[in-house]
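Shown below: target_3.pdb, with PDB, C-alpha atoms and all ligand atoms.
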ATOM      1  CA  MET A 343     -89.332  33.908  36.772
ATOM      2  CA  SER A 344     -86.242  35.668  38.161
ATOM      3  CA  GLY A 345     -83.557  34.172  40.398
ATOM      4  CA  LEU A 346     -83.516  30.788  38.633
ATOM      5  CA  ARG A 347     -79.876  29.761  38.491
ATOM      6  CA  TYR A 348     -80.085  26.930  35.921
ATOM      7  CA  LYS A 349     -83.112  27.882  33.854
ATOM      8  CA  ASP A 350     -83.803  25.647  30.826
ATOM      9  CA  LYS A 351     -80.468  23.834  31.239
ATOM     10  CA  ILE A 352     -80.631  20.107  30.558
ATOM     11  CA  THR A 353     -79.282  17.876  33.320
ATOM     12  CA  LEU A 354     -79.016  14.094  33.677
ATOM     13  CA  VAL A 355     -78.820  12.584  37.180
ATOM     14  CA  THR A 356     -78.038   8.901  37.749
ATOM     15  CA  GLY A 357     -79.852   7.191  40.631
ATOM     16  CA  GLY A 358     -82.288  10.077  41.123
ATOM     17  CA  SER A 359     -85.356   8.367  42.554
ATOM     18  CA  ARG A 360     -84.288   8.773  46.203
ATOM     19  CA  GLY A 361     -81.462   9.960  48.435
ATOM     20  CA  ILE A 362     -78.728  12.302  47.203
ATOM     21  CA  GLY A 363     -79.740  11.898  43.543
ATOM     22  CA  LYS A 364     -83.279  12.987  44.365
ATOM     23  CA  GLY A 365     -81.897  16.003  46.279
ATOM     24  CA  CYS A 366     -79.960  16.993  43.145
ATOM     25  CA  VAL A 367     -83.015  16.600  40.877
ATOM     26  CA  GLU A 368     -85.093  18.646  43.347
ATOM     27  CA  VAL A 369     -82.635  21.574  43.596
ATOM     28  CA  PHE A 370     -82.082  21.708  39.821
ATOM     29  CA  VAL A 371     -85.855  21.639  39.123
ATOM     30  CA  GLU A 372     -86.345  24.406  41.715
ATOM     31  CA  ASN A 373     -83.814  26.417  39.728
ATOM     32  CA  GLY A 374     -85.596  26.035  36.403
ATOM     33  CA  ALA A 375     -83.654  23.113  34.897
ATOM     34  CA  GLN A 376     -85.099  20.249  32.875
ATOM     35  CA  VAL A 377     -83.789  17.145  34.572
ATOM     36  CA  ALA A 378     -83.792  13.575  33.260
ATOM     37  CA  PHE A 379     -83.007  11.032  35.950
ATOM     38  CA  CYS A 380     -82.733   7.254  36.047
ATOM     39  CA  SER A 381     -83.251   4.528  38.601
ATOM     40  CA  ASN A 382     -83.839   0.783  38.714
ATOM     41  CA  ASP A 383     -86.894   1.370  40.926
ATOM     42  CA  ASP A 384     -89.803   2.089  38.581
ATOM     43  CA  GLU A 385     -92.424   2.950  41.205
ATOM     44  CA  GLU A 386     -90.121   5.238  43.204
ATOM     45  CA  GLY A 387     -88.900   6.948  40.006
ATOM     46  CA  LYS A 388     -92.450   7.718  38.834
ATOM     47  CA  HIS A 389     -93.386   8.963  42.295
ATOM     48  CA  THR A 390     -90.366  11.315  42.421
ATOM     49  CA  GLU A 391     -91.170  12.597  38.920
ATOM     50  CA  ARG A 392     -94.795  13.393  39.880
ATOM     51  CA  ASP A 393     -93.799  14.963  43.188
ATOM     52  CA  LEU A 394     -91.158  17.294  41.722
ATOM     53  CA  ASN A 395     -93.238  18.237  38.668
ATOM     54  CA  SER A 396     -96.083  19.325  40.933
ATOM     55  CA  ARG A 397     -93.685  21.911  42.428
ATOM     56  CA  GLY A 398     -91.714  23.095  39.329
ATOM     57  CA  PRO A 399     -90.796  25.566  37.949
ATOM     58  CA  GLY A 400     -88.442  23.291  35.964
ATOM     59  CA  GLU A 401     -89.232  19.709  34.990
ATOM     60  CA  SER A 402     -88.146  16.228  36.000
ATOM     61  CA  TRP A 403     -88.385  13.208  33.714
ATOM     62  CA  PHE A 404     -87.852   9.628  34.881
ATOM     63  CA  ILE A 405     -86.175   6.978  32.716
ATOM     64  CA  TYR A 406     -86.061   3.388  33.977
ATOM     65  CA  GLY A 407     -82.724   1.546  33.718
ATOM     66  CA  ASP A 408     -80.204  -0.672  35.466
ATOM     67  CA  VAL A 409     -76.874   1.149  35.362
ATOM     68  CA  THR A 410     -74.892  -2.073  35.730
ATOM     69  CA  LYS A 411     -75.959  -2.802  32.098
ATOM     70  CA  GLU A 412     -74.187  -0.870  29.353
ATOM     71  CA  PRO A 413     -77.161  -0.966  26.887
ATOM     72  CA  ASP A 414     -79.368   0.617  29.594
ATOM     73  CA  ILE A 415     -76.838   3.428  30.111
ATOM     74  CA  LYS A 416     -76.670   4.070  26.339
ATOM     75  CA  ASN A 417     -80.453   4.112  26.182
ATOM     76  CA  ILE A 418     -80.788   6.576  29.089
ATOM     77  CA  VAL A 419     -78.392   9.057  27.477
ATOM     78  CA  GLU A 420     -80.024   8.625  24.030
ATOM     79  CA  LYS A 421     -83.538   9.139  25.419
ATOM     80  CA  THR A 422     -82.411  12.310  27.206
ATOM     81  CA  ILE A 423     -80.994  13.719  23.977
ATOM     82  CA  GLU A 424     -84.063  12.640  21.940
ATOM     83  CA  LYS A 425     -86.370  14.473  24.360
ATOM     84  CA  TYR A 426     -84.348  17.602  25.112
ATOM     85  CA  GLY A 427     -81.926  17.864  22.155
ATOM     86  CA  ARG A 428     -78.877  18.732  24.268
ATOM     87  CA  LEU A 429     -77.103  18.114  27.565
ATOM     88  CA  ASP A 430     -75.536  20.730  29.867
ATOM     89  CA  CYS A 431     -74.707  18.716  32.963
ATOM     90  CA  LEU A 432     -74.262  15.079  33.973
ATOM     91  CA  ILE A 433     -74.421  14.223  37.676
ATOM     92  CA  ASN A 434     -72.983  10.743  38.289
ATOM     93  CA  ASN A 435     -74.489   9.812  41.644
ATOM     94  CA  VAL A 436     -75.642   6.205  41.599
ATOM     95  CA  GLY A 437     -73.881   3.934  44.058
ATOM     96  CA  THR A 438     -74.087   1.932  47.224
ATOM     97  CA  HIS A 439     -72.130   1.228  50.400
ATOM     98  CA  PRO A 440     -72.063  -2.467  51.399
ATOM     99  CA  PRO A 441     -72.528  -3.398  55.084
ATOM    100  CA  PRO A 442     -69.281  -3.295  57.119
ATOM    101  CA  HIS A 443     -66.952  -6.313  56.898
ATOM    102  CA  PRO A 444     -63.222  -7.062  57.110
ATOM    103  CA  ILE A 445     -61.538  -8.043  53.827
ATOM    104  CA  ASP A 446     -61.821 -11.759  54.736
ATOM    105  CA  GLU A 447     -65.587 -11.539  54.303
ATOM    106  CA  PHE A 448     -65.677  -9.797  50.906
ATOM    107  CA  SER A 449     -65.394 -11.954  47.792
ATOM    108  CA  ALA A 450     -63.867 -10.899  44.496
ATOM    109  CA  GLU A 451     -67.362 -11.222  43.034
ATOM    110  CA  ASP A 452     -68.771  -8.751  45.625
ATOM    111  CA  PHE A 453     -65.996  -6.319  44.717
ATOM    112  CA  ARG A 454     -66.517  -6.704  40.940
ATOM    113  CA  LYS A 455     -70.245  -6.021  41.288
ATOM    114  CA  LEU A 456     -69.555  -2.914  43.371
ATOM    115  CA  ILE A 457     -67.029  -1.657  40.817
ATOM    116  CA  ASP A 458     -69.670  -2.079  38.073
ATOM    117  CA  LEU A 459     -72.183   0.015  40.021
ATOM    118  CA  ASN A 460     -69.928   2.606  41.683
ATOM    119  CA  VAL A 461     -67.210   3.077  39.047
ATOM    120  CA  VAL A 462     -67.970   1.594  35.609
ATOM    121  CA  SER A 463     -71.387   3.302  35.509
ATOM    122  CA  TYR A 464     -69.679   6.718  36.036
ATOM    123  CA  PHE A 465     -67.197   5.872  33.269
ATOM    124  CA  LEU A 466     -69.919   4.797  30.812
ATOM    125  CA  PHE A 467     -72.317   7.669  31.532
ATOM    126  CA  SER A 468     -69.405  10.070  31.027
ATOM    127  CA  LYS A 469     -68.335   8.330  27.807
ATOM    128  CA  TYR A 470     -71.815   8.430  26.216
ATOM    129  CA  SER A 471     -72.615  11.939  27.485
ATOM    130  CA  LEU A 472     -69.373  13.648  26.507
ATOM    131  CA  PRO A 473     -70.115  13.982  22.760
ATOM    132  CA  HIS A 474     -73.145  16.067  23.828
ATOM    133  CA  LEU A 475     -71.448  17.933  26.702
ATOM    134  CA  ARG A 476     -68.631  18.995  24.343
ATOM    135  CA  LYS A 477     -71.217  20.794  22.167
ATOM    136  CA  THR A 478     -72.549  22.832  25.108
ATOM    137  CA  ALA A 479     -69.275  23.331  27.043
ATOM    138  CA  GLY A 480     -71.106  21.527  29.808
ATOM    139  CA  SER A 481     -69.900  19.826  32.957
ATOM    140  CA  ILE A 482     -69.749  16.510  34.798
ATOM    141  CA  ILE A 483     -70.179  16.266  38.563
ATOM    142  CA  ASN A 484     -69.170  12.990  40.193
ATOM    143  CA  ILE A 485     -70.459  12.082  43.646
ATOM    144  CA  SER A 486     -67.473  10.480  45.345
ATOM    145  CA  SER A 487     -67.090  10.150  49.135
ATOM    146  CA  LEU A 488     -64.917  11.610  51.859
ATOM    147  CA  VAL A 489     -63.823   8.078  52.765
ATOM    148  CA  GLY A 490     -62.317   7.654  49.279
ATOM    149  CA  ASN A 491     -59.647  10.022  50.624
ATOM    150  CA  ILE A 492     -59.420   9.360  54.350
ATOM    151  CA  GLY A 493     -60.413   5.664  54.446
ATOM    152  CA  GLN A 494     -63.010   3.945  56.600
ATOM    153  CA  GLY A 495     -62.910   0.804  58.728
ATOM    154  CA  GLN A 496     -64.574  -2.362  57.351
ATOM    155  CA  ALA A 497     -65.137  -0.724  53.980
ATOM    156  CA  VAL A 498     -62.179  -1.704  51.841
ATOM    157  CA  THR A 499     -64.192  -2.290  48.649
ATOM    158  CA  TYR A 500     -66.300   0.873  48.997
ATOM    159  CA  CYS A 501     -63.276   3.098  49.725
ATOM    160  CA  ALA A 502     -61.470   1.666  46.687
ATOM    161  CA  THR A 503     -64.413   2.500  44.403
ATOM    162  CA  LYS A 504     -64.648   6.083  45.699
ATOM    163  CA  GLY A 505     -60.890   6.671  45.472
ATOM    164  CA  ALA A 506     -61.263   5.624  41.826
ATOM    165  CA  ILE A 507     -63.956   8.270  41.279
ATOM    166  CA  THR A 508     -61.806  11.065  42.716
ATOM    167  CA  SER A 509     -58.906  10.006  40.433
ATOM    168  CA  MET A 510     -61.154   9.545  37.386
ATOM    169  CA  THR A 511     -62.474  13.086  37.907
ATOM    170  CA  LYS A 512     -58.996  14.585  37.745
ATOM    171  CA  ALA A 513     -57.867  12.524  34.734
ATOM    172  CA  LEU A 514     -61.033  13.348  32.774
ATOM    173  CA  ALA A 515     -60.780  17.043  33.688
ATOM    174  CA  ILE A 516     -57.373  17.108  31.953
ATOM    175  CA  ASP A 517     -58.605  15.407  28.762
ATOM    176  CA  GLU A 518     -61.829  17.388  28.434
ATOM    177  CA  ALA A 519     -60.440  20.878  29.115
ATOM    178  CA  LYS A 520     -59.744  21.325  25.394
ATOM    179  CA  TYR A 521     -63.518  21.081  24.814
ATOM    180  CA  ASN A 522     -64.243  23.479  27.702
ATOM    181  CA  VAL A 523     -65.991  20.664  29.563
ATOM    182  CA  ARG A 524     -65.404  20.866  33.337
ATOM    183  CA  VAL A 525     -65.237  17.715  35.459
ATOM    184  CA  ASN A 526     -65.503  18.042  39.246
ATOM    185  CA  SER A 527     -66.395  15.905  42.229
ATOM    186  CA  ILE A 528     -68.141  16.190  45.560
ATOM    187  CA  SER A 529     -67.090  14.068  48.515
ATOM    188  CA  PRO A 530     -69.786  13.983  51.166
ATOM    189  CA  SER A 531     -69.416  12.660  54.689
ATOM    190  CA  ASN A 532     -72.650  11.462  56.319
ATOM    191  CA  ILE A 533     -75.781  12.529  54.443
ATOM    192  CA  TRP A 534     -79.166  11.385  55.697
ATOM    193  CA  THR A 535     -80.599   9.146  52.949
ATOM    194  CA  PRO A 536     -82.592   5.881  52.670
ATOM    195  CA  LEU A 537     -79.233   4.061  52.303
ATOM    196  CA  PHE A 538     -78.232   5.258  55.783
ATOM    197  CA  ASP A 539     -81.701   4.648  57.190
ATOM    198  CA  SER A 540     -81.760   1.022  56.006
ATOM    199  CA  TYR A 541     -78.267   0.402  57.443
ATOM    200  CA  LEU A 542     -79.256   1.830  60.842
ATOM    201  CA  LYS A 543     -82.324  -0.439  60.941
ATOM    202  CA  THR A 544     -79.912  -3.403  61.013
ATOM    203  CA  CYS A 545     -78.083  -2.058  64.118
ATOM    204  CA  PRO A 546     -79.351  -3.188  67.550
ATOM    205  CA  GLU A 547     -78.533   0.184  69.231
ATOM    206  CA  SER A 548     -79.669   2.207  66.249
ATOM    207  CA  GLU A 549     -80.319   5.536  68.064
ATOM    208  CA  GLU A 550     -76.876   5.424  69.661
ATOM    209  CA  VAL A 551     -75.226   4.498  66.366
ATOM    210  CA  LYS A 552     -77.115   7.333  64.633
ATOM    211  CA  LYS A 553     -75.849   9.823  67.231
ATOM    212  CA  GLY A 554     -72.308   8.562  66.589
ATOM    213  CA  PHE A 555     -72.709   9.216  62.839
ATOM    214  CA  GLU A 556     -74.008  12.730  63.602
ATOM    215  CA  ASN A 557     -70.980  13.354  65.795
ATOM    216  CA  ASN A 558     -68.598  12.414  62.973
ATOM    217  CA  GLN A 559     -69.183  15.955  61.728
ATOM    218  CA  LEU A 560     -67.887  19.062  63.563
ATOM    219  CA  LEU A 561     -71.376  20.488  63.088
ATOM    220  CA  GLY A 562     -72.902  17.509  64.950
ATOM    221  CA  ARG A 563     -75.493  16.511  62.347
ATOM    222  CA  PHE A 564     -76.059  14.663  59.083
ATOM    223  CA  GLY A 565     -76.003  16.671  55.860
ATOM    224  CA  THR A 566     -79.211  16.873  53.842
ATOM    225  CA  ILE A 567     -79.792  15.678  50.288
ATOM    226  CA  GLN A 568     -80.656  19.270  49.335
ATOM    227  CA  GLU A 569     -77.280  20.487  50.636
ATOM    228  CA  VAL A 570     -75.614  18.096  48.178
ATOM    229  CA  GLY A 571     -77.940  19.385  45.432
ATOM    230  CA  HIS A 572     -76.905  22.977  46.195
ATOM    231  CA  ALA A 573     -73.195  22.072  46.020
ATOM    232  CA  CYS A 574     -73.862  20.469  42.604
ATOM    233  CA  LEU A 575     -75.716  23.584  41.462
ATOM    234  CA  PHE A 576     -72.728  25.707  42.496
ATOM    235  CA  LEU A 577     -70.403  23.519  40.403
ATOM    236  CA  ALA A 578     -72.762  23.468  37.410
ATOM    237  CA  ALA A 579     -73.890  27.096  37.380
ATOM    238  CA  ASP A 580     -71.276  29.240  39.134
ATOM    239  CA  ALA A 581     -67.911  27.490  39.355
ATOM    240  CA  THR A 582     -66.878  28.278  35.778
ATOM    241  CA  PHE A 583     -63.168  28.476  36.735
ATOM    242  CA  CYS A 584     -63.129  25.112  38.529
ATOM    243  CA  THR A 585     -62.194  21.846  36.922
ATOM    244  CA  GLY A 586     -60.682  18.712  38.452
ATOM    245  CA  ILE A 587     -61.563  19.837  41.969
ATOM    246  CA  GLU A 588     -63.032  17.837  44.812
ATOM    247  CA  ILE A 589     -65.348  19.546  47.293
ATOM    248  CA  ASN A 590     -65.363  17.992  50.747
ATOM    249  CA  LEU A 591     -69.021  18.336  51.688
ATOM    250  CA  SER A 592     -68.345  17.125  55.168
ATOM    251  CA  ALA A 593     -68.956  19.706  57.906
ATOM    252  CA  GLY A 594     -65.327  19.197  58.894
ATOM    253  CA  ALA A 595     -65.531  15.430  59.409
ATOM    254  CA  GLU A 596     -61.903  15.026  58.274
ATOM    255  CA  LEU A 597     -60.527  17.558  60.789
ATOM    256  CA  ASN A 598     -59.115  17.273  64.293
ATOM    257  CA  TYR A 599     -56.789  14.807  65.937
ATOM    258  CA  ALA A 600     -58.594  12.080  67.843
ATOM    259  CA  ASN A 601     -57.853   8.777  69.554
ATOM    260  CA  LYS A 602     -57.283   6.316  66.740
ATOM    261  CA  ASN A 603     -55.220   3.478  68.179
ATOM    262  CA  MET A 604     -56.695   0.284  66.720
ATOM    263  CA  ARG A 605     -54.210  -2.128  68.328
ATOM    264  CA  PRO A 606     -55.436  -4.475  71.027
ATOM    265  CA  THR A 607     -54.390  -3.372  74.523
ATOM    266  CA  THR A 608     -51.919  -5.625  76.336
ATOM    267  CA  SER A 609     -52.011  -5.882  80.100
TER
HETATM  268  P1  LIG B   1     -79.550   5.578  48.072
HETATM  269  O1  LIG B   1     -79.481   4.086  48.181
HETATM  270  O2  LIG B   1     -80.392   6.303  49.066
HETATM  271  O3  LIG B   1     -79.984   5.965  46.588
HETATM  272  C1  LIG B   1     -79.356   5.323  45.491
HETATM  273  C2  LIG B   1     -80.066   5.623  44.185
HETATM  274  O4  LIG B   1     -79.432   4.841  43.144
HETATM  275  C3  LIG B   1     -81.539   5.228  44.164
HETATM  276  O5  LIG B   1     -82.254   6.124  43.349
HETATM  277  C4  LIG B   1     -81.522   3.826  43.511
HETATM  278  O6  LIG B   1     -82.728   3.486  42.871
HETATM  279  C5  LIG B   1     -80.405   4.025  42.487
HETATM  280  N1  LIG B   1     -79.794   2.747  42.068
HETATM  281  C6  LIG B   1     -79.154   1.825  42.853
HETATM  282  N2  LIG B   1     -78.729   0.790  42.095
HETATM  283  C7  LIG B   1     -79.087   1.068  40.814
HETATM  284  C8  LIG B   1     -78.920   0.387  39.569
HETATM  285  N3  LIG B   1     -78.298  -0.789  39.476
HETATM  286  N4  LIG B   1     -79.404   0.984  38.447
HETATM  287  C9  LIG B   1     -80.052   2.178  38.513
HETATM  288  N5  LIG B   1     -80.230   2.870  39.655
HETATM  289  C10 LIG B   1     -79.761   2.311  40.796
HETATM  290  O7  LIG B   1     -78.023   6.108  48.166
HETATM  291  P2  LIG B   1     -77.431   7.553  48.617
HETATM  292  O8  LIG B   1     -77.092   7.469  50.062
HETATM  293  O9  LIG B   1     -78.318   8.643  48.111
HETATM  294  O10 LIG B   1     -76.049   7.558  47.828
HETATM  295  C11 LIG B   1     -75.933   8.150  46.546
HETATM  296  C12 LIG B   1     -74.438   8.320  46.210
HETATM  297  O11 LIG B   1     -73.799   9.140  47.192
HETATM  298  C13 LIG B   1     -73.657   7.012  46.180
HETATM  299  O12 LIG B   1     -72.704   7.061  45.133
HETATM  300  C14 LIG B   1     -72.964   7.002  47.531
HETATM  301  O13 LIG B   1     -71.801   6.232  47.532
HETATM  302  C15 LIG B   1     -72.656   8.483  47.694
HETATM  303  N6  LIG B   1     -72.436   8.897  49.083
HETATM  304  C16 LIG B   1     -73.424   8.808  50.000
HETATM  305  C17 LIG B   1     -73.181   9.230  51.314
HETATM  306  C18 LIG B   1     -74.254   9.198  52.365
HETATM  307  O14 LIG B   1     -73.941   9.527  53.520
HETATM  308  N7  LIG B   1     -75.490   8.847  52.048
HETATM  309  C19 LIG B   1     -71.919   9.717  51.671
HETATM  310  C20 LIG B   1     -70.918   9.773  50.706
HETATM  311  C21 LIG B   1     -71.180   9.372  49.399
END

Reformat the file's structure so that it appears as structure tokens.
Amino acid sequence: MSGLRYKDKITLVTGGSRGIGKGCVEVFVENGAQVAFCSNDDEEGKHTERDLNSRGPGESWFIYGDVTKEPDIKNIVEKTIEKYGRLDCLINNVGTHPPPHPIDEFSAEDFRKLIDLNVVSYFLFSKYSLPHLRKTAGSIINISSLVGNIGQGQAVTYCATKGAITSMTKALAIDEAKYNVRVNSISPSNIWTPLFDSYLKTCPESEEVKKGFENNQLLGRFGTIQEVGHACLFLAADATFCTGIEINLSAGAELNYANKNMRPTTS
């Protein structure tokens, strides 16, 4: 089949059963790749695998695992190599955004758990995948977040984890260049995913709040999971002279002066 941009390339996506990870698996499978993906949701993972395999032309393969556990991460990478024999691309995507709170309402334990999921999992997947990626001159793509750079109210722990991912990307790009392994990141603004959907369900004025999130972007809408997948495909397949970069996948959300005074008004 012609026009397949990642045909027969082996890709591993973390947290691929839904949301942005699923969008990445979908776009890579559409482009002929063989994609292993993990999730801690067995039913959803199997459903995604069946759904994407019915469309092809590449293949998706689900591996169950909890990425906050190092032995699970080791097992996921090992199973991928056992099945496919090589690895061309790792997409570190798994992560969550806790509900909004000021610092007073986050505990150290909350923060440590978030670091395990949002940061240590990226570190460990990279560590166990790199011996294989060095053999193929492959690449790592880290899903960070725009707010890791520009900050976000009531999200001190989340922003700290995403700032760490942007920095980790650059540091690893330096170390791995000698093996021809490229390490890049994507920083999305608001992408419509189940994570967003479940947050909005907790808001009393959910339609109004949703509109506000759409209007964070100059283009006045959420991004799609497939648009993130396409940006990943660009980094994996085409961007052979890019390493250590961060793509703002944000429809201009970081642009334009606006009213930002947070101080209480005095009469
Ligand atoms: P999501 O909740 O919709 O999907 C998360 C995926 O990770 C699911 O497949 C889930 O099963 C998996 N997962 C969660 N905990 C796991 C664990 N312990 N072990 C294994 N798998 C686990 O989230 P999303 O909105 O698609 O976000 C994906 C990534 O994109 C995150 O890193 C998030 O911070 C980042 N991001 C999202 C947005 C957005 O607007 N949605 C914006 C910027 C960055």

Check every protein, DNA and RNA residue against ligand LIG 1 (chain B), keep those with an atom at most 6 Å away (counting all atoms listed in the file), and present them as a PDB file with C-alpha atoms, keeping the file's coordinate frame.
ATOM      1  CA  GLY A 357     -79.852   7.191  40.631  1.00  0.00           C
ATOM      2  CA  GLY A 358     -82.288  10.077  41.123  1.00  0.00           C
ATOM      3  CA  SER A 359     -85.356   8.367  42.554  1.00  0.00           C
ATOM      4  CA  ARG A 360     -84.288   8.773  46.203  1.00  0.00           C
ATOM      5  CA  GLY A 361     -81.462   9.960  48.435  1.00  0.00           C
ATOM      6  CA  ILE A 362     -78.728  12.302  47.203  1.00  0.00           C
ATOM      7  CA  GLY A 363     -79.740  11.898  43.543  1.00  0.00           C
ATOM      8  CA  SER A 381     -83.251   4.528  38.601  1.00  0.00           C
ATOM      9  CA  ASN A 382     -83.839   0.783  38.714  1.00  0.00           C
ATOM     10  CA  ASP A 383     -86.894   1.370  40.926  1.00  0.00           C
ATOM     11  CA  GLY A 407     -82.724   1.546  33.718  1.00  0.00           C
ATOM     12  CA  ASP A 408     -80.204  -0.672  35.466  1.00  0.00           C
ATOM     13  CA  VAL A 409     -76.874   1.149  35.362  1.00  0.00           C
ATOM     14  CA  THR A 410     -74.892  -2.073  35.730  1.00  0.00           C
ATOM     15  CA  ASN A 435     -74.489   9.812  41.644  1.00  0.00           C
ATOM     16  CA  VAL A 436     -75.642   6.205  41.599  1.00  0.00           C
ATOM     17  CA  GLY A 437     -73.881   3.934  44.058  1.00  0.00           C
ATOM     18  CA  THR A 438     -74.087   1.932  47.224  1.00  0.00           C
ATOM     19  CA  HIS A 439     -72.130   1.228  50.400  1.00  0.00           C
ATOM     20  CA  ILE A 485     -70.459  12.082  43.646  1.00  0.00           C
ATOM     21  CA  SER A 486     -67.473  10.480  45.345  1.00  0.00           C
ATOM     22  CA  SER A 487     -67.090  10.150  49.135  1.00  0.00           C
ATOM     23  CA  PRO A 530     -69.786  13.983  51.166  1.00  0.00           C
ATOM     24  CA  SER A 531     -69.416  12.660  54.689  1.00  0.00           C
ATOM     25  CA  ASN A 532     -72.650  11.462  56.319  1.00  0.00           C
ATOM     26  CA  ILE A 533     -75.781  12.529  54.443  1.00  0.00           C
ATOM     27  CA  TRP A 534     -79.166  11.385  55.697  1.00  0.00           C
ATOM     28  CA  THR A 535     -80.599   9.146  52.949  1.00  0.00           C
ATOM     29  CA  PRO A 536     -82.592   5.881  52.670  1.00  0.00           C
ATOM     30  CA  LEU A 537     -79.233   4.061  52.303  1.00  0.00           C
ATOM     31  CA  PHE A 538     -78.232   5.258  55.783  1.00  0.00           C
TER      32      PHE A 538
END

Q) For Pro399 in chain A, which residue out of A:Cys431, A:Leu346, A:Leu560, A:Ile418 is the nearest one, using all atoms listed in the file? A)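 Among the listed residues, the smallest separation from Pro399 in chain A belongs to A:Leu346.
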
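Across A:His572, A:Lys421, A:Arg392, A:Arg454, the tightest approach to Tyr348 in chain A is made by A:His572 when counting only C-alpha atoms.
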
(Q) Please report the interatomic distance between CA of Met604 in chain A and CA of Gly495 in chain A in Å with one decimal. (A)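 Interatomic distance, CA of Met604 in chain A to CA of Gly495 in chain A: 10.1 Å.
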
Q | Top pick for closest residue to Tyr426 in chain A, considering A:Thr511, A:Asn395, A:Ser449, A:Thr353 and counting only C-alpha atoms | A | A:Thr353

Q: Extract, using only C-alpha atoms, all DNA, RNA and protein residues at most 9 Å from Cys584 in chain A, discarding same-chain residues fewer than 5 positions from it, and format them as a list in words.
A: Arg524, Val525, Asn526 and Leu577 of chain A

Q.
If the PyMOL selection byres (((chain A and resi 428) around 12) and not hetatm) were run on this exact file, what residues would it hold? Put them as a PyMOL selection string.
A. chain A and resi 350-354+376-378+419-427+429-432+471-480

Q | Pick from A:Asn373, A:Thr608, A:Gln559, A:Gln494 nearest to Gly398 in chain A, counting all atoms listed in the file | A | A:Asn373

Q) Residues picked by the PyMOL selection byres (((chain A and resi 452) around 12) and not hetatm) here, as a list in words? A)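 Selection result, ordered by chain and number: His439, Pro440, Pro441, His443, Ile445, Asp446, Glu447, Phe448, Ser449, Ala450, Glu451, Phe453, Arg454, Lys455, Leu456, Ile457, Asp458, Leu459, Val498, Thr499 and Tyr500 of chain A.
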
Store the residues picked out above in a file with C-alpha atoms, as a tab-separated table (two decimals), keeping the file's coordinate frame.
chain	number	residue	atom	x	y	z
A	439	HIS	CA	-72.13	1.23	50.40
A	440	PRO	CA	-72.06	-2.47	51.40
A	441	PRO	CA	-72.53	-3.40	55.08
A	443	HIS	CA	-66.95	-6.31	56.90
A	445	ILE	CA	-61.54	-8.04	53.83
A	446	ASP	CA	-61.82	-11.76	54.74
A	447	GLU	CA	-65.59	-11.54	54.30
A	448	PHE	CA	-65.68	-9.80	50.91
A	449	SER	CA	-65.39	-11.95	47.79
A	450	ALA	CA	-63.87	-10.90	44.50
A	451	GLU	CA	-67.36	-11.22	43.03
A	453	PHE	CA	-66.00	-6.32	44.72
A	454	ARG	CA	-66.52	-6.70	40.94
A	455	LYS	CA	-70.24	-6.02	41.29
A	456	LEU	CA	-69.56	-2.91	43.37
A	457	ILE	CA	-67.03	-1.66	40.82
A	458	ASP	CA	-69.67	-2.08	38.07
A	459	LEU	CA	-72.18	0.02	40.02
A	498	VAL	CA	-62.18	-1.70	51.84
A	499	THR	CA	-64.19	-2.29	48.65
A	500	TYR	CA	-66.30	0.87	49.00

Box for range 518-521 of chain A - axis-aligned, 8 Å on each of the six sides, all listed atoms - centre and size in Å to one decimal, as AutoDock Vina command-line options.
--center_x -61.6 --center_y 19.4 --center_z 27.0 --size_x 19.8 --size_y 19.9 --size_z 20.3

**Q.** Length of the CA of Glu588 in chain A to CA of Lys512 in chain A vector [Å]
**A.**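 For CA of Glu588 in chain A relative to CA of Lys512 in chain A, the distance reads 8.8 Å.
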
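In this model, the gap between CA of Val523 in chain A and CA of Ser481 in chain A comes to 5.2 Å.
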
Q: On this file, the PyMOL selection byres (((chain A and resi 562) around 12) and not hetatm) gives some set of residues; write that set as a list of chain:residue names.
A: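 Output from the PyMOL selection byres (((chain A and resi 562) around 12) and not hetatm), applied to this file: A:Ser531, A:Asn532, A:Ile533, A:Lys552, A:Lys553, A:Gly554, A:Phe555, A:Glu556, A:Asn557, A:Asn558, A:Gln559, A:Leu560, A:Leu561, A:Arg563, A:Phe564, A:Gly565, A:Ser592, A:Ala593, A:Gly594, A:Ala595.
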
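Minimum distance to Val367 in chain A across A:Thr582, A:Ser463, A:Gln568, A:Asn522 (counting all atoms listed in the file) occurs at A:Gln568.
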
**Q.** Selected residue, from A:Gly365, A:Pro413, A:Gly586, A:Gly374, that lies nearest to Ile482 in chain A when counting all atoms listed in the file
**A.** A:Gly586

Q: Give me the residues within 7 Å of Val461 in chain A as a PyMOL selection string, counting all atoms listed in the file and dropping any in the same chain fewer than 4 places off.
A: chain A and resi 457+465+503+507
